[in-house]
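The structure file input-v8.pdb is reproduced below (PDB, C-alpha atoms).
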ATOM      1  CA  MET A   1     -48.428 -68.592 -18.888  1.00  0.00           C
ATOM      2  CA  GLY A   2     -50.773 -68.462 -15.945  1.00  0.00           C
ATOM      3  CA  ARG A   3     -54.008 -70.289 -16.181  1.00  0.00           C
ATOM      4  CA  THR A   4     -57.138 -68.228 -16.339  1.00  0.00           C
ATOM      5  CA  VAL A   5     -60.116 -69.385 -14.408  1.00  0.00           C
ATOM      6  CA  ALA A   6     -63.661 -69.427 -15.659  1.00  0.00           C
ATOM      7  CA  ARG A   7     -65.047 -68.365 -12.355  1.00  0.00           C
ATOM      8  CA  GLU A   8     -63.552 -67.744  -8.962  1.00  0.00           C
ATOM      9  CA  ASP A   9     -65.580 -67.974  -5.810  1.00  0.00           C
ATOM     10  CA  ARG A  10     -63.208 -67.291  -2.931  1.00  0.00           C
ATOM     11  CA  HIS A  11     -60.939 -70.296  -3.007  1.00  0.00           C
ATOM     12  CA  ILE A  12     -63.032 -72.468  -5.286  1.00  0.00           C
ATOM     13  CA  ARG A  13     -61.923 -72.403  -8.911  1.00  0.00           C
ATOM     14  CA  GLU A  14     -64.565 -73.599 -11.303  1.00  0.00           C
ATOM     15  CA  LEU A  15     -62.822 -74.685 -14.483  1.00  0.00           C
ATOM     16  CA  ASP A  16     -64.200 -74.818 -17.990  1.00  0.00           C
ATOM     17  CA  ASP A  17     -63.456 -77.739 -20.314  1.00  0.00           C
ATOM     18  CA  ALA A  18     -60.181 -76.331 -21.643  1.00  0.00           C
ATOM     19  CA  GLN A  19     -58.893 -75.493 -18.179  1.00  0.00           C
ATOM     20  CA  SER A  20     -59.931 -78.897 -16.878  1.00  0.00           C
ATOM     21  CA  TRP A  21     -58.062 -80.604 -19.690  1.00  0.00           C
ATOM     22  CA  GLU A  22     -54.981 -78.516 -18.934  1.00  0.00           C
ATOM     23  CA  LEU A  23     -55.111 -79.580 -15.280  1.00  0.00           C
ATOM     24  CA  PHE A  24     -55.380 -83.233 -16.297  1.00  0.00           C
ATOM     25  CA  ASP A  25     -52.631 -82.998 -18.885  1.00  0.00           C
ATOM     26  CA  ASN A  26     -50.267 -81.300 -16.430  1.00  0.00           C
ATOM     27  CA  ALA A  27     -50.994 -83.923 -13.807  1.00  0.00           C
ATOM     28  CA  ALA A  28     -50.287 -86.800 -16.224  1.00  0.00           C
ATOM     29  CA  GLN A  29     -47.000 -85.127 -17.074  1.00  0.00           C
ATOM     30  CA  HIS A  30     -46.142 -84.632 -13.414  1.00  0.00           C
ATOM     31  CA  TYR A  31     -46.983 -88.102 -12.145  1.00  0.00           C
ATOM     32  CA  LEU A  32     -46.160 -90.279 -15.157  1.00  0.00           C
ATOM     33  CA  GLY A  33     -44.206 -88.147 -17.591  1.00  0.00           C
ATOM     34  CA  ILE A  34     -46.736 -88.646 -20.362  1.00  0.00           C
ATOM     35  CA  SER A  35     -49.405 -86.446 -21.902  1.00  0.00           C
ATOM     36  CA  GLY A  36     -52.999 -86.573 -20.816  1.00  0.00           C
ATOM     37  CA  GLU A  37     -53.925 -87.901 -24.235  1.00  0.00           C
ATOM     38  CA  GLU A  38     -51.420 -90.717 -23.921  1.00  0.00           C
ATOM     39  CA  PHE A  39     -52.730 -91.604 -20.485  1.00  0.00           C
ATOM     40  CA  LEU A  40     -56.306 -91.795 -21.778  1.00  0.00           C
ATOM     41  CA  GLY A  41     -55.180 -94.080 -24.588  1.00  0.00           C
ATOM     42  CA  ARG A  42     -53.408 -96.357 -22.163  1.00  0.00           C
ATOM     43  CA  TRP A  43     -56.294 -96.321 -19.710  1.00  0.00           C
ATOM     44  CA  ASP A  44     -58.927 -97.143 -22.314  1.00  0.00           C
ATOM     45  CA  SER A  45     -56.822 -99.973 -23.758  1.00  0.00           C
ATOM     46  CA  GLY A  46     -56.359-101.664 -20.392  1.00  0.00           C
ATOM     47  CA  TYR A  47     -52.641-100.941 -20.309  1.00  0.00           C
ATOM     48  CA  TYR A  48     -52.709-100.383 -16.559  1.00  0.00           C
ATOM     49  CA  GLU A  49     -53.381-103.867 -15.233  1.00  0.00           C
ATOM     50  CA  ASP A  50     -52.476-102.670 -11.742  1.00  0.00           C
ATOM     51  CA  PRO A  51     -54.002 -99.249 -11.169  1.00  0.00           C
ATOM     52  CA  ASP A  52     -52.885 -99.191  -7.529  1.00  0.00           C
ATOM     53  CA  GLN A  53     -49.472 -97.778  -8.289  1.00  0.00           C
ATOM     54  CA  PRO A  54     -49.402 -94.406  -6.503  1.00  0.00           C
ATOM     55  CA  GLU A  55     -48.653 -92.343  -9.593  1.00  0.00           C
ATOM     56  CA  VAL A  56     -51.275 -94.087 -11.695  1.00  0.00           C
ATOM     57  CA  MET A  57     -54.045 -93.761  -9.119  1.00  0.00           C
ATOM     58  CA  SER A  58     -53.246 -90.077  -8.693  1.00  0.00           C
ATOM     59  CA  VAL A  59     -54.054 -89.555 -12.376  1.00  0.00           C
ATOM     60  CA  ILE A  60     -57.071 -91.868 -12.385  1.00  0.00           C
ATOM     61  CA  MET A  61     -58.636 -89.707  -9.684  1.00  0.00           C
ATOM     62  CA  LEU A  62     -58.392 -86.746 -12.041  1.00  0.00           C
ATOM     63  CA  LEU A  63     -60.070 -88.493 -15.006  1.00  0.00           C
ATOM     64  CA  PRO A  64     -63.374 -86.597 -14.601  1.00  0.00           C
ATOM     65  CA  PHE A  65     -61.476 -83.398 -15.362  1.00  0.00           C
ATOM     66  CA  ALA A  66     -60.542 -84.858 -18.746  1.00  0.00           C
ATOM     67  CA  ARG A  67     -63.919 -86.065 -19.857  1.00  0.00           C
ATOM     68  CA  SER A  68     -67.117 -84.184 -20.435  1.00  0.00           C
ATOM     69  CA  GLU A  69     -70.176 -85.080 -18.423  1.00  0.00           C
TER      70      GLU A  69
ATOM     71  CA  MET B   1     -78.386 -70.486  -9.888  1.00  0.00           C
ATOM     72  CA  ALA B   2     -77.280 -68.978  -6.589  1.00  0.00           C
ATOM     73  CA  GLY B   3     -79.938 -69.472  -3.976  1.00  0.00           C
ATOM     74  CA  LYS B   4     -81.268 -72.665  -5.463  1.00  0.00           C
ATOM     75  CA  PRO B   5     -80.999 -75.622  -3.095  1.00  0.00           C
ATOM     76  CA  GLU B   6     -78.922 -77.664  -5.558  1.00  0.00           C
ATOM     77  CA  TYR B   7     -76.401 -74.848  -5.799  1.00  0.00           C
ATOM     78  CA  GLU B   8     -76.319 -74.357  -2.049  1.00  0.00           C
ATOM     79  CA  ALA B   9     -75.684 -78.064  -1.420  1.00  0.00           C
ATOM     80  CA  VAL B  10     -72.772 -78.218  -3.855  1.00  0.00           C
ATOM     81  CA  GLN B  11     -71.269 -74.983  -2.585  1.00  0.00           C
ATOM     82  CA  ARG B  12     -71.495 -76.117   1.046  1.00  0.00           C
ATOM     83  CA  PHE B  13     -69.663 -79.298   0.113  1.00  0.00           C
ATOM     84  CA  ARG B  14     -66.910 -77.471  -1.750  1.00  0.00           C
ATOM     85  CA  GLU B  15     -66.505 -74.747   0.851  1.00  0.00           C
ATOM     86  CA  SER B  16     -66.367 -77.248   3.669  1.00  0.00           C
ATOM     87  CA  LEU B  17     -63.521 -79.181   2.033  1.00  0.00           C
ATOM     88  CA  GLN B  18     -61.654 -75.999   1.176  1.00  0.00           C
ATOM     89  CA  ARG B  19     -62.020 -74.770   4.771  1.00  0.00           C
ATOM     90  CA  THR B  20     -60.651 -78.059   6.077  1.00  0.00           C
ATOM     91  CA  LEU B  21     -57.653 -77.966   3.755  1.00  0.00           C
ATOM     92  CA  SER B  22     -56.906 -74.370   4.625  1.00  0.00           C
ATOM     93  CA  CYS B  23     -56.152 -75.521   8.177  1.00  0.00           C
ATOM     94  CA  ILE B  24     -52.823 -76.900   6.912  1.00  0.00           C
ATOM     95  CA  VAL B  25     -52.309 -75.418   3.434  1.00  0.00           C
ATOM     96  CA  ARG B  26     -51.602 -71.706   3.137  1.00  0.00           C
ATOM     97  CA  GLY B  27     -53.710 -70.127   0.421  1.00  0.00           C
ATOM     98  CA  ALA B  28     -55.518 -73.390  -0.219  1.00  0.00           C
ATOM     99  CA  TYR B  29     -57.848 -73.508  -3.183  1.00  0.00           C
ATOM    100  CA  VAL B  30     -59.719 -76.327  -4.800  1.00  0.00           C
ATOM    101  CA  ASP B  31     -60.314 -76.920  -8.492  1.00  0.00           C
ATOM    102  CA  VAL B  32     -63.722 -78.180  -9.526  1.00  0.00           C
ATOM    103  CA  LYS B  33     -65.528 -79.034 -12.731  1.00  0.00           C
ATOM    104  CA  GLY B  34     -69.197 -79.512 -13.354  1.00  0.00           C
ATOM    105  CA  GLY B  35     -72.432 -77.973 -12.433  1.00  0.00           C
ATOM    106  CA  TYR B  36     -75.189 -78.045  -9.922  1.00  0.00           C
ATOM    107  CA  TYR B  37     -77.347 -80.862 -11.175  1.00  0.00           C
ATOM    108  CA  PRO B  38     -77.386 -84.642 -10.940  1.00  0.00           C
ATOM    109  CA  SER B  39     -74.932 -86.191 -13.370  1.00  0.00           C
ATOM    110  CA  PRO B  40     -74.414 -89.781 -14.524  1.00  0.00           C
ATOM    111  CA  THR B  41     -70.683 -89.306 -14.122  1.00  0.00           C
ATOM    112  CA  PRO B  42     -69.081 -88.177 -10.874  1.00  0.00           C
ATOM    113  CA  LEU B  43     -67.935 -84.598 -10.477  1.00  0.00           C
ATOM    114  CA  PRO B  44     -64.310 -83.967  -9.490  1.00  0.00           C
ATOM    115  CA  LEU B  45     -62.701 -81.764  -6.873  1.00  0.00           C
ATOM    116  CA  THR B  46     -58.979 -81.593  -6.261  1.00  0.00           C
ATOM    117  CA  LEU B  47     -56.580 -79.577  -4.158  1.00  0.00           C
ATOM    118  CA  MET B  48     -54.537 -77.017  -6.085  1.00  0.00           C
ATOM    119  CA  ASP B  49     -54.198 -78.381  -9.623  1.00  0.00           C
ATOM    120  CA  GLY B  50     -54.219 -82.006  -8.541  1.00  0.00           C
ATOM    121  CA  LEU B  51     -50.524 -81.868  -7.709  1.00  0.00           C
ATOM    122  CA  PRO B  52     -48.723 -82.439  -4.397  1.00  0.00           C
ATOM    123  CA  VAL B  53     -48.770 -79.327  -2.228  1.00  0.00           C
ATOM    124  CA  GLY B  54     -46.011 -78.651   0.285  1.00  0.00           C
ATOM    125  CA  LEU B  55     -46.974 -78.120   3.904  1.00  0.00           C
ATOM    126  CA  GLY B  56     -45.248 -75.139   5.467  1.00  0.00           C
ATOM    127  CA  GLY B  57     -42.514 -75.878   7.989  1.00  0.00           C
ATOM    128  CA  THR B  58     -42.312 -79.570   7.091  1.00  0.00           C
ATOM    129  CA  ASP B  59     -40.807 -81.918   4.548  1.00  0.00           C
ATOM    130  CA  PHE B  60     -44.279 -83.202   3.719  1.00  0.00           C
ATOM    131  CA  SER B  61     -46.632 -82.681   0.815  1.00  0.00           C
ATOM    132  CA  ILE B  62     -50.215 -83.769   0.383  1.00  0.00           C
ATOM    133  CA  ALA B  63     -52.500 -84.439  -2.550  1.00  0.00           C
ATOM    134  CA  VAL B  64     -56.276 -84.630  -2.197  1.00  0.00           C
ATOM    135  CA  SER B  65     -58.935 -85.534  -4.748  1.00  0.00           C
ATOM    136  CA  TYR B  66     -62.638 -86.310  -4.559  1.00  0.00           C
ATOM    137  CA  HIS B  67     -65.400 -87.603  -6.780  1.00  0.00           C
ATOM    138  CA  TYR B  68     -68.926 -86.685  -5.742  1.00  0.00           C
ATOM    139  CA  ARG B  69     -72.498 -86.629  -6.942  1.00  0.00           C
ATOM    140  CA  LEU B  70     -75.467 -84.403  -6.254  1.00  0.00           C
ATOM    141  CA  ILE B  71     -78.461 -86.449  -5.186  1.00  0.00           C
ATOM    142  CA  GLU B  72     -82.035 -85.640  -4.345  1.00  0.00           C
ATOM    143  CA  ALA B  73     -82.830 -86.354  -0.717  1.00  0.00           C
ATOM    144  CA  PRO B  74     -86.188 -87.129   0.891  1.00  0.00           C
ATOM    145  CA  SER B  75     -86.096 -84.022   3.036  1.00  0.00           C
ATOM    146  CA  ALA B  76     -88.208 -80.906   2.880  1.00  0.00           C
ATOM    147  CA  THR B  77     -85.550 -78.798   4.562  1.00  0.00           C
ATOM    148  CA  ARG B  78     -82.550 -80.122   2.605  1.00  0.00           C
ATOM    149  CA  PRO B  79     -83.866 -81.553  -0.654  1.00  0.00           C
ATOM    150  CA  TRP B  80     -80.399 -81.969  -2.167  1.00  0.00           C
ATOM    151  CA  ARG B  81     -77.290 -83.580  -0.731  1.00  0.00           C
ATOM    152  CA  VAL B  82     -73.813 -84.277  -1.966  1.00  0.00           C
ATOM    153  CA  THR B  83     -72.531 -87.801  -1.718  1.00  0.00           C
ATOM    154  CA  THR B  84     -68.879 -88.746  -1.955  1.00  0.00           C
ATOM    155  CA  VAL B  85     -68.245 -91.598  -4.369  1.00  0.00           C
ATOM    156  CA  ALA B  86     -64.421 -91.695  -4.214  1.00  0.00           C
ATOM    157  CA  TYR B  87     -61.611 -90.054  -2.264  1.00  0.00           C
ATOM    158  CA  HIS B  88     -57.835 -90.047  -2.294  1.00  0.00           C
ATOM    159  CA  TYR B  89     -55.768 -88.381   0.463  1.00  0.00           C
ATOM    160  CA  THR B  90     -52.012 -88.851   0.157  1.00  0.00           C
ATOM    161  CA  LEU B  91     -49.105 -87.825   2.359  1.00  0.00           C
ATOM    162  CA  GLN B  92     -45.635 -87.946   0.860  1.00  0.00           C
ATOM    163  CA  GLU B  93     -42.178 -86.613   1.436  1.00  0.00           C
ATOM    164  CA  THR B  94     -41.859 -83.462  -0.617  1.00  0.00           C
ATOM    165  CA  GLU B  95     -38.685 -84.689  -2.265  1.00  0.00           C
ATOM    166  CA  GLY B  96     -39.318 -88.363  -1.779  1.00  0.00           C
ATOM    167  CA  PRO B  97     -41.748 -91.240  -1.837  1.00  0.00           C
ATOM    168  CA  GLU B  98     -45.337 -91.561  -0.765  1.00  0.00           C
ATOM    169  CA  ILE B  99     -45.777 -92.282   2.952  1.00  0.00           C
ATOM    170  CA  LEU B 100     -49.436 -93.178   3.250  1.00  0.00           C
ATOM    171  CA  SER B 101     -52.623 -92.804   1.282  1.00  0.00           C
ATOM    172  CA  TYR B 102     -56.227 -93.163   2.374  1.00  0.00           C
ATOM    173  CA  GLN B 103     -58.289 -94.227  -0.622  1.00  0.00           C
ATOM    174  CA  TRP B 104     -61.746 -95.256  -1.637  1.00  0.00           C
ATOM    175  CA  HIS B 105     -62.428 -95.693  -5.343  1.00  0.00           C
ATOM    176  CA  PRO B 106     -64.998 -98.461  -5.716  1.00  0.00           C
ATOM    177  CA  ASN B 107     -65.450 -97.990  -9.462  1.00  0.00           C
ATOM    178  CA  VAL B 108     -61.821 -98.331 -10.541  1.00  0.00           C
ATOM    179  CA  PRO B 109     -61.398-101.646 -12.398  1.00  0.00           C
ATOM    180  CA  ASN B 110     -58.852-104.178 -11.137  1.00  0.00           C
ATOM    181  CA  SER B 111     -58.688-102.625  -7.685  1.00  0.00           C
ATOM    182  CA  VAL B 112     -60.515-103.110  -4.419  1.00  0.00           C
ATOM    183  CA  SER B 113     -63.922-101.595  -3.736  1.00  0.00           C
ATOM    184  CA  PHE B 114     -63.582-101.050   0.017  1.00  0.00           C
ATOM    185  CA  PRO B 115     -61.971 -98.030   1.698  1.00  0.00           C
ATOM    186  CA  HIS B 116     -58.367 -98.729   2.509  1.00  0.00           C
ATOM    187  CA  LEU B 117     -54.982 -97.402   3.538  1.00  0.00           C
ATOM    188  CA  HIS B 118     -51.737 -97.803   1.629  1.00  0.00           C
ATOM    189  CA  MET B 119     -48.511 -97.652   3.643  1.00  0.00           C
ATOM    190  CA  SER B 120     -45.792 -96.979   1.129  1.00  0.00           C
ATOM    191  CA  HIS B 121     -42.006 -96.864   0.991  1.00  0.00           C
ATOM    192  CA  GLY B 122     -41.878 -93.474   2.681  1.00  0.00           C
ATOM    193  CA  ALA B 123     -43.417 -94.979   5.800  1.00  0.00           C
ATOM    194  CA  GLY B 124     -40.191 -96.872   6.378  1.00  0.00           C
ATOM    195  CA  LEU B 125     -41.852-100.221   6.923  1.00  0.00           C
ATOM    196  CA  GLY B 126     -39.582-103.116   6.156  1.00  0.00           C
ATOM    197  CA  ARG B 127     -42.024-105.761   5.089  1.00  0.00           C
ATOM    198  CA  GLU B 128     -42.679-105.847   1.374  1.00  0.00           C
ATOM    199  CA  GLU B 129     -46.319-106.828   1.987  1.00  0.00           C
ATOM    200  CA  PHE B 130     -47.054-103.317   3.245  1.00  0.00           C
ATOM    201  CA  HIS B 131     -46.112-101.842  -0.086  1.00  0.00           C
ATOM    202  CA  ARG B 132     -48.845-103.791  -1.852  1.00  0.00           C
ATOM    203  CA  ALA B 133     -51.442-104.195   0.879  1.00  0.00           C
ATOM    204  CA  HIS B 134     -54.857-102.557   0.922  1.00  0.00           C
ATOM    205  CA  LEU B 135     -55.285-102.177   4.673  1.00  0.00           C
ATOM    206  CA  PRO B 136     -59.049-102.025   5.243  1.00  0.00           C
ATOM    207  CA  THR B 137     -60.471 -98.964   6.944  1.00  0.00           C
ATOM    208  CA  GLY B 138     -63.845 -97.403   7.442  1.00  0.00           C
ATOM    209  CA  ARG B 139     -64.578 -94.373   5.314  1.00  0.00           C
ATOM    210  CA  VAL B 140     -62.198 -91.657   6.417  1.00  0.00           C
ATOM    211  CA  THR B 141     -63.191 -88.023   6.414  1.00  0.00           C
ATOM    212  CA  LEU B 142     -60.882 -85.316   5.175  1.00  0.00           C
ATOM    213  CA  GLU B 143     -61.183 -83.708   8.588  1.00  0.00           C
ATOM    214  CA  ALA B 144     -59.774 -86.849  10.219  1.00  0.00           C
ATOM    215  CA  PHE B 145     -56.865 -86.888   7.763  1.00  0.00           C
ATOM    216  CA  VAL B 146     -56.025 -83.231   8.469  1.00  0.00           C
ATOM    217  CA  ARG B 147     -56.283 -83.782  12.213  1.00  0.00           C
ATOM    218  CA  LEU B 148     -53.922 -86.762  11.920  1.00  0.00           C
ATOM    219  CA  LEU B 149     -51.331 -84.629  10.153  1.00  0.00           C
ATOM    220  CA  ILE B 150     -51.491 -81.881  12.771  1.00  0.00           C
ATOM    221  CA  THR B 151     -51.561 -84.042  15.885  1.00  0.00           C
ATOM    222  CA  ASP B 152     -49.349 -86.981  14.883  1.00  0.00           C
ATOM    223  CA  PHE B 153     -47.132 -85.763  12.054  1.00  0.00           C
ATOM    224  CA  GLY B 154     -46.374 -82.367  13.547  1.00  0.00           C
ATOM    225  CA  VAL B 155     -47.761 -80.346  10.667  1.00  0.00           C
ATOM    226  CA  PRO B 156     -48.128 -76.777  11.940  1.00  0.00           C
ATOM    227  CA  PRO B 157     -51.690 -75.533  11.560  1.00  0.00           C
ATOM    228  CA  GLU B 158     -52.203 -72.460   9.418  1.00  0.00           C
ATOM    229  CA  LYS B 159     -55.047 -71.286  11.623  1.00  0.00           C
ATOM    230  CA  GLU B 160     -55.112 -70.805  15.364  1.00  0.00           C
ATOM    231  CA  ASP B 161     -58.732 -71.947  15.443  1.00  0.00           C
ATOM    232  CA  TRP B 162     -58.108 -75.067  13.384  1.00  0.00           C
ATOM    233  CA  GLU B 163     -59.935 -77.288  15.846  1.00  0.00           C
ATOM    234  CA  GLU B 164     -63.058 -75.146  15.594  1.00  0.00           C
ATOM    235  CA  GLU B 165     -62.744 -75.075  11.810  1.00  0.00           C
ATOM    236  CA  LEU B 166     -62.461 -78.846  11.588  1.00  0.00           C
ATOM    237  CA  ALA B 167     -65.354 -79.246  13.996  1.00  0.00           C
ATOM    238  CA  LYS B 168     -67.467 -76.927  11.861  1.00  0.00           C
ATOM    239  CA  SER B 169     -66.668 -78.846   8.689  1.00  0.00           C
ATOM    240  CA  LEU B 170     -67.293 -82.158  10.375  1.00  0.00           C
ATOM    241  CA  ALA B 171     -70.638 -80.945  11.696  1.00  0.00           C
ATOM    242  CA  GLU B 172     -71.590 -79.930   8.157  1.00  0.00           C
ATOM    243  CA  PHE B 173     -70.519 -83.338   6.940  1.00  0.00           C
ATOM    244  CA  GLU B 174     -72.712 -85.076   9.472  1.00  0.00           C
ATOM    245  CA  GLU B 175     -75.642 -82.805   8.689  1.00  0.00           C
ATOM    246  CA  ASP B 176     -75.368 -82.349   4.962  1.00  0.00           C
ATOM    247  CA  ARG B 177     -72.932 -84.601   3.237  1.00  0.00           C
ATOM    248  CA  SER B 178     -73.753 -88.201   2.618  1.00  0.00           C
ATOM    249  CA  TRP B 179     -71.556 -91.162   1.753  1.00  0.00           C
TER     250      TRP B 179
END
So that I can check it, write out the structure of this file as structure tokens.
Amino acid sequence: MGRTVAREDRHIRELDDAQSWELFDNAAQHYLGISGEEFLGRWDSGYYEDPDQPEVMSVIMLLPFARSE
Amino acid sequence: MAGKPEYEAVQRFRESLQRTLSCIVRGAYVDVKGGYYPSPTPLPLTLMDGLPVGLGGTDFSIAVSYHYRLIEAPSATRPWRVTTVAYHYTLQETEGPEILSYQWHPNVPNSVSFPHLHMSHGAGLGREEFHRAHLPTGRVTLEAFVRLLITDFGVPPEKEDWEEELAKSLAEFEEDRSW
């Protein structure tokens, strides 16, 4: 199912909380093969002692999509 | 909100990055979250769902993500600016490993705080040290990364006027963005 977008301004897609979570969850699946929820659990517990692995850092950079301001 | 200086500053930042990416990515869009006000946590921007995006006519893909903040500036003409607080520009083989990645993420625990370059397995470098090293760099603009891909990696530009587009974005960066 295609993702709907809260607001589209030319090529800038402003996502709401649910859409942002979906982006994060999909990215965690793509890069690490785990759910977004599982990644957050690992991240908060200090599981990733070396965050500089390419796949891990790619997900870390998307963390603000997963968490509310 | 449109017309307010905070809104205009954030939109200029987003549009400038999207314009730069559209020089090499057909139909480029960026995903963003967050509003037009100062926030204690950084606001994210990423290219096309945060996933690697193939570059037409090549075996390369890129992924680009930013964290930024809106800050009040001591300027009557531009009272709000956007400051980048982290970036991540990666080039990889579409069906293979990462080649290189320019990164700056000073707030990630257990990593380095300075801007750096990773040269990964896809770069074909034999020494194992390269696969772990954080090669120090200055802060690298997205425009410089895109120019590198066009001029040195043979990525075909999606726009005939790509040089003017990059120059326009870079001029906006120098005028409006802030590190």
For this file, the PyMOL selection byres ((chain A and resi 61) around 10) selects which residues, as a PyMOL selection string? (chain A and resi 24+56-60+62-65) or (chain B and resi 44-46+50+64-67+86-88+105+108)
Could those selected residues go to a file with C-alpha atoms, as a PDB file, in the coordinates of the input?
ATOM      1  CA  PHE A  24     -55.380 -83.233 -16.297  1.00  0.00           C
ATOM      2  CA  VAL A  56     -51.275 -94.087 -11.695  1.00  0.00           C
ATOM      3  CA  MET A  57     -54.045 -93.761  -9.119  1.00  0.00           C
ATOM      4  CA  SER A  58     -53.246 -90.077  -8.693  1.00  0.00           C
ATOM      5  CA  VAL A  59     -54.054 -89.555 -12.376  1.00  0.00           C
ATOM      6  CA  ILE A  60     -57.071 -91.868 -12.385  1.00  0.00           C
ATOM      7  CA  LEU A  62     -58.392 -86.746 -12.041  1.00  0.00           C
ATOM      8  CA  LEU A  63     -60.070 -88.493 -15.006  1.00  0.00           C
ATOM      9  CA  PRO A  64     -63.374 -86.597 -14.601  1.00  0.00           C
ATOM     10  CA  PHE A  65     -61.476 -83.398 -15.362  1.00  0.00           C
TER      11      PHE A  65
ATOM     12  CA  PRO B  44     -64.310 -83.967  -9.490  1.00  0.00           C
ATOM     13  CA  LEU B  45     -62.701 -81.764  -6.873  1.00  0.00           C
ATOM     14  CA  THR B  46     -58.979 -81.593  -6.261  1.00  0.00           C
ATOM     15  CA  GLY B  50     -54.219 -82.006  -8.541  1.00  0.00           C
ATOM     16  CA  VAL B  64     -56.276 -84.630  -2.197  1.00  0.00           C
ATOM     17  CA  SER B  65     -58.935 -85.534  -4.748  1.00  0.00           C
ATOM     18  CA  TYR B  66     -62.638 -86.310  -4.559  1.00  0.00           C
ATOM     19  CA  HIS B  67     -65.400 -87.603  -6.780  1.00  0.00           C
ATOM     20  CA  ALA B  86     -64.421 -91.695  -4.214  1.00  0.00           C
ATOM     21  CA  TYR B  87     -61.611 -90.054  -2.264  1.00  0.00           C
ATOM     22  CA  HIS B  88     -57.835 -90.047  -2.294  1.00  0.00           C
ATOM     23  CA  HIS B 105     -62.428 -95.693  -5.343  1.00  0.00           C
ATOM     24  CA  VAL B 108     -61.821 -98.331 -10.541  1.00  0.00           C
TER      25      VAL B 108
END
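Distances to chain A were evaluated for B:Ser75, B:Thr151, B:Thr58, B:Ser120 using only C-alpha atoms, and the minimum falls at B:Ser120.
In this comparison, which uses only C-alpha atoms, the residue of B:Asp59, B:Glu143, B:Asp31, B:Glu163 approaching chain A most closely is B:Asp31.
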Please enumerate the residues selected by the PyMOL selection byres ((chain A) within 6 of (chain B)) when evaluated against the supplied file, formatted as a short mmCIF file (atom, residue, chain, number, x, y, z; two decimals) with C-alpha atoms, in the frame of the given file.
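What follows is the written file result25.cif:
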data_model
loop_
_atom_site.label_atom_id
_atom_site.label_comp_id
_atom_site.auth_asym_id
_atom_site.auth_seq_id
_atom_site.Cartn_x
_atom_site.Cartn_y
_atom_site.Cartn_z
CA HIS A 11 -60.94 -70.30 -3.01
CA ILE A 12 -63.03 -72.47 -5.29
CA ARG A 13 -61.92 -72.40 -8.91
CA GLU A 14 -64.56 -73.60 -11.30
CA LEU A 15 -62.82 -74.68 -14.48
CA LEU A 23 -55.11 -79.58 -15.28
CA PRO A 64 -63.37 -86.60 -14.60
#
Name all residues at most 12 Å from B:Arg147 (count all atoms listed in the file; drop same-chain ones fewer than 3 positions away) and give them as a PDB file with C-alpha atoms, keeping the file's coordinate frame.
ATOM      1  CA  THR B  20     -60.651 -78.059   6.077  1.00  0.00           C
ATOM      2  CA  LEU B  21     -57.653 -77.966   3.755  1.00  0.00           C
ATOM      3  CA  CYS B  23     -56.152 -75.521   8.177  1.00  0.00           C
ATOM      4  CA  ILE B  24     -52.823 -76.900   6.912  1.00  0.00           C
ATOM      5  CA  VAL B 140     -62.198 -91.657   6.417  1.00  0.00           C
ATOM      6  CA  THR B 141     -63.191 -88.023   6.414  1.00  0.00           C
ATOM      7  CA  LEU B 142     -60.882 -85.316   5.175  1.00  0.00           C
ATOM      8  CA  GLU B 143     -61.183 -83.708   8.588  1.00  0.00           C
ATOM      9  CA  ALA B 144     -59.774 -86.849  10.219  1.00  0.00           C
ATOM     10  CA  ILE B 150     -51.491 -81.881  12.771  1.00  0.00           C
ATOM     11  CA  THR B 151     -51.561 -84.042  15.885  1.00  0.00           C
ATOM     12  CA  ASP B 152     -49.349 -86.981  14.883  1.00  0.00           C
ATOM     13  CA  PHE B 153     -47.132 -85.763  12.054  1.00  0.00           C
ATOM     14  CA  GLY B 154     -46.374 -82.367  13.547  1.00  0.00           C
ATOM     15  CA  VAL B 155     -47.761 -80.346  10.667  1.00  0.00           C
ATOM     16  CA  PRO B 156     -48.128 -76.777  11.940  1.00  0.00           C
ATOM     17  CA  PRO B 157     -51.690 -75.533  11.560  1.00  0.00           C
ATOM     18  CA  TRP B 162     -58.108 -75.067  13.384  1.00  0.00           C
ATOM     19  CA  GLU B 163     -59.935 -77.288  15.846  1.00  0.00           C
ATOM     20  CA  GLU B 164     -63.058 -75.146  15.594  1.00  0.00           C
ATOM     21  CA  GLU B 165     -62.744 -75.075  11.810  1.00  0.00           C
ATOM     22  CA  LEU B 166     -62.461 -78.846  11.588  1.00  0.00           C
ATOM     23  CA  ALA B 167     -65.354 -79.246  13.996  1.00  0.00           C
ATOM     24  CA  LEU B 170     -67.293 -82.158  10.375  1.00  0.00           C
TER      25      LEU B 170
END
Enclosing box along x, y and z for every listed atom of stretch 28-47 of chain A, padded 6 Å each side, centre and size in Å, one decimal, as AutoDock Vina command-line options:
--center_x -51.6 --center_y -93.1 --center_z -18.4 --size_x 26.7 --size_y 29.0 --size_z 24.4
I'd like to know which of B:Ala76, B:Val85, B:Leu70, B:Ile99 is closest to B:Glu8, using all atoms listed in the file. B:Leu70
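Here atom CA of A:Ser68 is placed at a distance of 13.3 Å from atom CA of A:Leu40.
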